[in-house]
Structures are given as structure tokens and as C-alpha cells.
Amino acid sequence: MSITMLAPTGVLLASGGGEGFEPPGPQDFWQPLIGSGTWAFTRPMLLWIISVVALSWWFIATTRKAAIVPGKGQFLTEMFYNTTRNGIARDMIGSKEFLKYVPFLFSLFAILLVNNLFGVIPPFQFPTISRIGFPIALTAIVYVIYHYIGIKKHGLRGYFGSFVPSGLPAWIVPMVLVLETFSFFVTRPLTLAMRIFGNMLAGHMLLLVFITGGEYMLLHGGIGLKVISVPTFLLAFIMTVFEALIEVVQAYIFTLLAASYIATSLADEH
């Protein structure tokens, strides 16, 4: 973690007295680069732009001269594409209709994966998705797409009608319709955005606590705290590896759920 970006200040007292260490909090994730307030251009915004440019360059560079026997770059791109195509889109949506949604799911998985991994890749070391606006924006896109698909296929009345399984007693139908409507329009988008946001924010904050805390103990603590800083840095390294795994898994889960919602909208009965 870039300690200069989030310099600690005060709660863990050094043995020699003086100023202490204040662990990082959510406020440290607001990092304006230009301007201030609502319209500030922030570090996460810059990282998002970098990710778009980097991904665009990579995909063009590795597929522009595609060969039957792929090179390393083409092989990595094809492996990533096939994971999205076969492991997410086809498995969740089905072999008949999945192909038209592969470009969207592939792009979604790629942008999420890169921006999540920014949290452990120097010199970025900031998971863009830990800023709530980004998962909300991606969730809004998924939200519009799966509702549009469902309404286009079934019609507005048929789409809402498909929320209720056939064969239910008449008295329970209104209750099920209300619950399913709430799930489709409120619960799904809320949990989709909050799951990945919460994991990225909490994981990165935990890394910050160990790394900046270890740095404080090493540089400002007494002999006892200096000794304790060694296992603290070791734990920070282990947790960084674990956090990288979580970042990959969360990008995969978000894309998998998006494909699942699309499949549900295409189904004759939900």
C-alpha cells in the first residue's frame, strides 16, 4: 500500500509518548486530484480511465494479428474470453441465446477485474470499486439491460406476470407478486452493488491498517513495537495475496450474477 497516499496520524501511542497512530477510515478513500466537492476529479476516476485505456490497448494489440497458433498475449486474451463465454454466459444463459450477451459480460468482467486488482498492483494500490459510485453505475447498467430484455421478450404485462409461478392458489398470488417485484427492482440491484463495494472497501481498509500500522510501529515505536512490526508486515503480505484472490472472485461473482439475471429475464417462468 502506498503509505504516502494515506499517511496515518493518531491512536496507537508509541512507547516514547508523543503523537499516535490513527487507523485509516472511509474518508481516506476520497482522494481529489483536481477541484473539490461534488465535481472534483478524483484518483479513482483517473484509475478508471487508465483501466479503460489499458484494456483497449491490450485487446487490440493481442487480437489485431490473431493467429491459429496464438502467442502469449493472444492466448491470455482467448483464455479470459473463453472463461467468460463458456464458464459464465453459456452456463448461466443457455446455449441458444447466450452469444449476443457475451460482449457485454466480457467487458463487464474485464473492467471489474482490472479495477479490483488495482488495489494490490503498484503504483495504483487503490481498488476503484471501493468508491460506491462505480458499483452503482455498473449495477444500473445491468439493471436496465435485464429489465429491457425481459420486457422486450414477454411484454410489460407478461414480464410482471412471469414473476408468479403457475399453479399457485389465487389468494397467495398478490403476495408473491409484491415480493418478486421488490426482489427484481430493489433487492437485486442493491445487493449486487453493495456486495462488491463492501468487499473492496473492507479488504483494502484492513490492508491499510496492517501496513500503515506496521510502518508506524517500525519508525516511531519503542523496541517492543519495532519487534511486533515484523509479523505485522508478514501478515500484511499474506492478506495482500488473499485480497487479490477476493478481488478476482468478486469480479467473477458480479458478472455471474449479471448473467443469471439476464437468464431469468429470458426464461418463460422465473
# chains A, B, ... in the order shown; residues from 1 in each chain; ligands from 1
$ select_by_dssp --residues "stretch 32-143 of chain A" --states "strand (DSSP E or B)" --output "PyMOL selection string"
chain A and resi 32-34+41-42
$ residues_around --residues "stretch 189-205 of chain A" --least-positions-apart "5" --cutoff "7 Å" --atoms "only C-alpha atoms" --output "PyMOL selection string"
chain A and resi 24+119+127+129-130+132+135-136+139+143+243+250+254
$ closest_residue --among "A:Val69, A:Ile34, A:Ile151, A:Ile228" --to "A:Leu266" --atoms "only C-alpha atoms"
A:Ile151
$ closest_residue --among "A:Ser183, A:Val120, A:Ile141, A:Gly158" --to "A:Leu245" --atoms "only C-alpha atoms"
A:Val120
$ residues_around --residues "stretch 207-217 of chain A" --least-positions-apart "2" --cutoff "7 Å" --atoms "only C-alpha atoms" --output "list in words"
Met1, Ile3, Pro8, Phe21, Pro23, Pro24, Gly203, His204, Met205, Leu219, His220, Gly221, Leu225, Lys226, Ser229, Thr232, Phe233, Ala236, Met239 and Thr240 of chain A
$ write_last_selection --atoms "C-alpha atoms" --output "PDB file, in the first residue's frame"
ATOM      1  CA  MET A   1       0.000   0.000   0.000  1.00  0.00           C
ATOM      2  CA  ILE A   3       1.846   4.907   2.675  1.00  0.00           C
ATOM      3  CA  PRO A   8      -1.550   7.897   9.461  1.00  0.00           C
ATOM      4  CA  PHE A  21      -1.452   6.400  15.113  1.00  0.00           C
ATOM      5  CA  PRO A  23      -6.144   3.974  11.659  1.00  0.00           C
ATOM      6  CA  PRO A  24      -7.491   4.720   8.194  1.00  0.00           C
ATOM      7  CA  GLY A 203     -10.476  -5.580   2.362  1.00  0.00           C
ATOM      8  CA  HIS A 204      -8.442  -2.546   1.373  1.00  0.00           C
ATOM      9  CA  MET A 205      -9.046  -0.829   4.702  1.00  0.00           C
ATOM     10  CA  LEU A 219       9.563   4.030  12.625  1.00  0.00           C
ATOM     11  CA  HIS A 220       8.037   5.613  15.722  1.00  0.00           C
ATOM     12  CA  GLY A 221       7.600   2.881  18.342  1.00  0.00           C
ATOM     13  CA  LEU A 225       6.659  -2.187  18.893  1.00  0.00           C
ATOM     14  CA  LYS A 226       9.535  -2.451  16.416  1.00  0.00           C
ATOM     15  CA  SER A 229       6.053  -4.672  13.326  1.00  0.00           C
ATOM     16  CA  THR A 232       2.588  -7.253  11.146  1.00  0.00           C
ATOM     17  CA  PHE A 233       4.257  -6.782   7.769  1.00  0.00           C
ATOM     18  CA  ALA A 236       0.045  -7.707   5.546  1.00  0.00           C
ATOM     19  CA  MET A 239      -3.504 -10.639   3.408  1.00  0.00           C
ATOM     20  CA  THR A 240      -2.466  -8.899   0.191  1.00  0.00           C
TER      21      THR A 240
END
$ residues_around --residues "stretch 87-93 of chain A" --least-positions-apart "4" --cutoff "8 Å" --atoms "only C-alpha atoms" --output "list in words"
Asn82, Thr83, Glu97, Phe98, Leu99, Tyr101, Val102, Leu105, Thr255, Leu256, Ala259, Ser260, Ile262 and Ala263 of chain A
$ write_last_selection --atoms "N, CA and C atoms" --output "PDB file, in the first residue's frame"
ATOM      1  N   ASN A  82     -12.753 -17.075 -23.254  1.00  0.00           N
ATOM      2  CA  ASN A  82     -13.434 -18.374 -23.164  1.00  0.00           C
ATOM      3  C   ASN A  82     -14.000 -18.625 -21.775  1.00  0.00           C
ATOM      4  N   THR A  83     -13.306 -18.119 -20.743  1.00  0.00           N
ATOM      5  CA  THR A  83     -13.839 -18.237 -19.386  1.00  0.00           C
ATOM      6  C   THR A  83     -15.169 -17.513 -19.270  1.00  0.00           C
ATOM      7  N   GLU A  97     -29.215 -18.733 -26.531  1.00  0.00           N
ATOM      8  CA  GLU A  97     -29.284 -17.273 -26.596  1.00  0.00           C
ATOM      9  C   GLU A  97     -28.094 -16.558 -25.980  1.00  0.00           C
ATOM     10  N   PHE A  98     -27.072 -17.282 -25.579  1.00  0.00           N
ATOM     11  CA  PHE A  98     -26.012 -16.647 -24.789  1.00  0.00           C
ATOM     12  C   PHE A  98     -25.075 -15.766 -25.606  1.00  0.00           C
ATOM     13  N   LEU A  99     -24.881 -16.076 -26.901  1.00  0.00           N
ATOM     14  CA  LEU A  99     -23.823 -15.414 -27.672  1.00  0.00           C
ATOM     15  C   LEU A  99     -23.980 -13.901 -27.754  1.00  0.00           C
ATOM     16  N   TYR A 101     -24.947 -11.887 -25.649  1.00  0.00           N
ATOM     17  CA  TYR A 101     -24.641 -11.202 -24.390  1.00  0.00           C
ATOM     18  C   TYR A 101     -23.178 -11.367 -23.965  1.00  0.00           C
ATOM     19  N   VAL A 102     -22.421 -12.145 -24.718  1.00  0.00           N
ATOM     20  CA  VAL A 102     -21.014 -12.366 -24.377  1.00  0.00           C
ATOM     21  C   VAL A 102     -20.198 -11.070 -24.405  1.00  0.00           C
ATOM     22  N   LEU A 105     -20.892  -9.132 -21.144  1.00  0.00           N
ATOM     23  CA  LEU A 105     -20.377  -9.811 -19.957  1.00  0.00           C
ATOM     24  C   LEU A 105     -18.851  -9.845 -19.956  1.00  0.00           C
ATOM     25  N   THR A 255     -20.192 -10.620 -12.360  1.00  0.00           N
ATOM     26  CA  THR A 255     -20.506 -10.964 -13.747  1.00  0.00           C
ATOM     27  C   THR A 255     -21.428 -12.174 -13.819  1.00  0.00           C
ATOM     28  N   LEU A 256     -21.184 -13.145 -12.960  1.00  0.00           N
ATOM     29  CA  LEU A 256     -22.025 -14.340 -12.916  1.00  0.00           C
ATOM     30  C   LEU A 256     -23.466 -13.988 -12.554  1.00  0.00           C
ATOM     31  N   ALA A 259     -25.198 -12.307 -15.475  1.00  0.00           N
ATOM     32  CA  ALA A 259     -25.635 -13.318 -16.445  1.00  0.00           C
ATOM     33  C   ALA A 259     -26.862 -14.068 -15.936  1.00  0.00           C
ATOM     34  N   SER A 260     -26.890 -14.336 -14.636  1.00  0.00           N
ATOM     35  CA  SER A 260     -28.034 -15.024 -14.040  1.00  0.00           C
ATOM     36  C   SER A 260     -29.305 -14.193 -14.158  1.00  0.00           C
ATOM     37  N   ILE A 262     -29.934 -11.901 -16.426  1.00  0.00           N
ATOM     38  CA  ILE A 262     -30.316 -11.913 -17.843  1.00  0.00           C
ATOM     39  C   ILE A 262     -31.032 -13.216 -18.183  1.00  0.00           C
ATOM     40  N   ALA A 263     -30.501 -14.335 -17.682  1.00  0.00           N
ATOM     41  CA  ALA A 263     -31.127 -15.634 -17.940  1.00  0.00           C
ATOM     42  C   ALA A 263     -32.534 -15.688 -17.356  1.00  0.00           C
TER      43      ALA A 263
END
$ residues_around --residues "stretch 46-60 of chain A" --least-positions-apart "3" --cutoff "12 Å" --atoms "only C-alpha atoms" --output "JSON, numbers by chain"
{"A": [31, 32, 33, 34, 40, 41, 42, 43, 63, 64, 65, 66, 73, 74, 75, 76, 77, 78, 80, 81, 106, 107, 108, 109, 110, 111, 112, 113, 114, 115, 116, 117, 118, 119, 121, 123, 124, 125, 126, 127, 128, 129, 130, 131, 133, 134, 135]}
$ select_by_dssp --residues "stretch 31-120 of chain A" --states "helix (DSSP H, G or I)" --output "ChimeraX atom specification"
/A:37-39,43-63,72-93,99-117
$ write_last_selection --atoms "C-alpha atoms" --output "PDB file, in the first residue's frame"
ATOM      1  CA  GLY A  37     -16.599  18.799  -3.586  1.00  0.00           C
ATOM      2  CA  THR A  38     -19.116  17.080  -5.854  1.00  0.00           C
ATOM      3  CA  TRP A  39     -17.357  17.915  -9.123  1.00  0.00           C
ATOM      4  CA  ARG A  43      -7.892   9.409  -8.030  1.00  0.00           C
ATOM      5  CA  PRO A  44     -10.450   6.609  -8.587  1.00  0.00           C
ATOM      6  CA  MET A  45     -11.715   8.440 -11.684  1.00  0.00           C
ATOM      7  CA  LEU A  46      -8.182   8.613 -13.045  1.00  0.00           C
ATOM      8  CA  LEU A  47      -7.662   4.907 -12.368  1.00  0.00           C
ATOM      9  CA  TRP A  48     -10.900   4.076 -14.168  1.00  0.00           C
ATOM     10  CA  ILE A  49      -9.719   5.995 -17.243  1.00  0.00           C
ATOM     11  CA  ILE A  50      -6.354   4.219 -17.084  1.00  0.00           C
ATOM     12  CA  SER A  51      -8.105   0.844 -16.921  1.00  0.00           C
ATOM     13  CA  VAL A  52     -10.227   1.618 -19.993  1.00  0.00           C
ATOM     14  CA  VAL A  53      -7.198   2.761 -21.996  1.00  0.00           C
ATOM     15  CA  ALA A  54      -5.081  -0.201 -20.842  1.00  0.00           C
ATOM     16  CA  LEU A  55      -7.768  -2.778 -21.630  1.00  0.00           C
ATOM     17  CA  SER A  56      -8.493  -1.230 -25.023  1.00  0.00           C
ATOM     18  CA  TRP A  57      -4.812  -1.292 -25.908  1.00  0.00           C
ATOM     19  CA  TRP A  58      -4.369  -4.873 -24.675  1.00  0.00           C
ATOM     20  CA  PHE A  59      -7.328  -6.346 -26.533  1.00  0.00           C
ATOM     21  CA  ILE A  60      -6.460  -4.562 -29.774  1.00  0.00           C
ATOM     22  CA  ALA A  61      -2.763  -5.439 -29.526  1.00  0.00           C
ATOM     23  CA  THR A  62      -3.364  -9.125 -28.793  1.00  0.00           C
ATOM     24  CA  THR A  63      -6.113  -9.737 -31.377  1.00  0.00           C
ATOM     25  CA  LYS A  72       1.310 -15.499 -25.247  1.00  0.00           C
ATOM     26  CA  GLY A  73      -0.763 -12.310 -25.367  1.00  0.00           C
ATOM     27  CA  GLN A  74      -3.393 -13.780 -27.676  1.00  0.00           C
ATOM     28  CA  PHE A  75      -3.506 -16.943 -25.579  1.00  0.00           C
ATOM     29  CA  LEU A  76      -4.188 -14.963 -22.386  1.00  0.00           C
ATOM     30  CA  THR A  77      -6.918 -12.926 -24.082  1.00  0.00           C
ATOM     31  CA  GLU A  78      -8.560 -16.024 -25.553  1.00  0.00           C
ATOM     32  CA  MET A  79      -8.379 -17.838 -22.225  1.00  0.00           C
ATOM     33  CA  PHE A  80     -10.053 -14.904 -20.487  1.00  0.00           C
ATOM     34  CA  TYR A  81     -12.668 -14.645 -23.248  1.00  0.00           C
ATOM     35  CA  ASN A  82     -13.434 -18.374 -23.164  1.00  0.00           C
ATOM     36  CA  THR A  83     -13.839 -18.237 -19.386  1.00  0.00           C
ATOM     37  CA  THR A  84     -16.487 -15.548 -19.795  1.00  0.00           C
ATOM     38  CA  ARG A  85     -18.088 -17.125 -22.864  1.00  0.00           C
ATOM     39  CA  ASN A  86     -18.302 -20.714 -21.668  1.00  0.00           C
ATOM     40  CA  GLY A  87     -17.985 -20.519 -17.896  1.00  0.00           C
ATOM     41  CA  ILE A  88     -20.358 -17.604 -17.369  1.00  0.00           C
ATOM     42  CA  ALA A  89     -22.525 -16.713 -20.377  1.00  0.00           C
ATOM     43  CA  ARG A  90     -23.269 -20.185 -21.778  1.00  0.00           C
ATOM     44  CA  ASP A  91     -23.583 -21.911 -18.425  1.00  0.00           C
ATOM     45  CA  MET A  92     -25.933 -19.289 -16.985  1.00  0.00           C
ATOM     46  CA  ILE A  93     -27.964 -18.156 -20.019  1.00  0.00           C
ATOM     47  CA  LEU A  99     -23.823 -15.414 -27.672  1.00  0.00           C
ATOM     48  CA  LYS A 100     -25.405 -11.980 -28.051  1.00  0.00           C
ATOM     49  CA  TYR A 101     -24.641 -11.202 -24.390  1.00  0.00           C
ATOM     50  CA  VAL A 102     -21.014 -12.366 -24.377  1.00  0.00           C
ATOM     51  CA  PRO A 103     -19.527  -8.966 -25.421  1.00  0.00           C
ATOM     52  CA  PHE A 104     -21.299  -7.198 -22.569  1.00  0.00           C
ATOM     53  CA  LEU A 105     -20.377  -9.811 -19.957  1.00  0.00           C
ATOM     54  CA  PHE A 106     -16.797  -9.998 -21.245  1.00  0.00           C
ATOM     55  CA  SER A 107     -16.410  -6.206 -20.995  1.00  0.00           C
ATOM     56  CA  LEU A 108     -18.024  -6.171 -17.546  1.00  0.00           C
ATOM     57  CA  PHE A 109     -15.763  -8.908 -16.190  1.00  0.00           C
ATOM     58  CA  ALA A 110     -12.630  -7.296 -17.646  1.00  0.00           C
ATOM     59  CA  ILE A 111     -13.290  -3.796 -16.298  1.00  0.00           C
ATOM     60  CA  LEU A 112     -14.220  -5.127 -12.863  1.00  0.00           C
ATOM     61  CA  LEU A 113     -11.214  -7.424 -12.656  1.00  0.00           C
ATOM     62  CA  VAL A 114      -8.688  -4.741 -13.567  1.00  0.00           C
ATOM     63  CA  ASN A 115     -10.172  -2.099 -11.271  1.00  0.00           C
ATOM     64  CA  ASN A 116     -10.379  -4.549  -8.378  1.00  0.00           C
ATOM     65  CA  LEU A 117      -6.785  -5.698  -8.863  1.00  0.00           C
TER      66      LEU A 117
END
$ atom_distance --atom1 "atom CA of A:Leu234" --atom2 "atom CA of A:Trp30"
27.6 Å
$ atom_distance --atom1 "atom CA of A:Ile172" --atom2 "atom CA of A:Tyr261"
24.2 Å
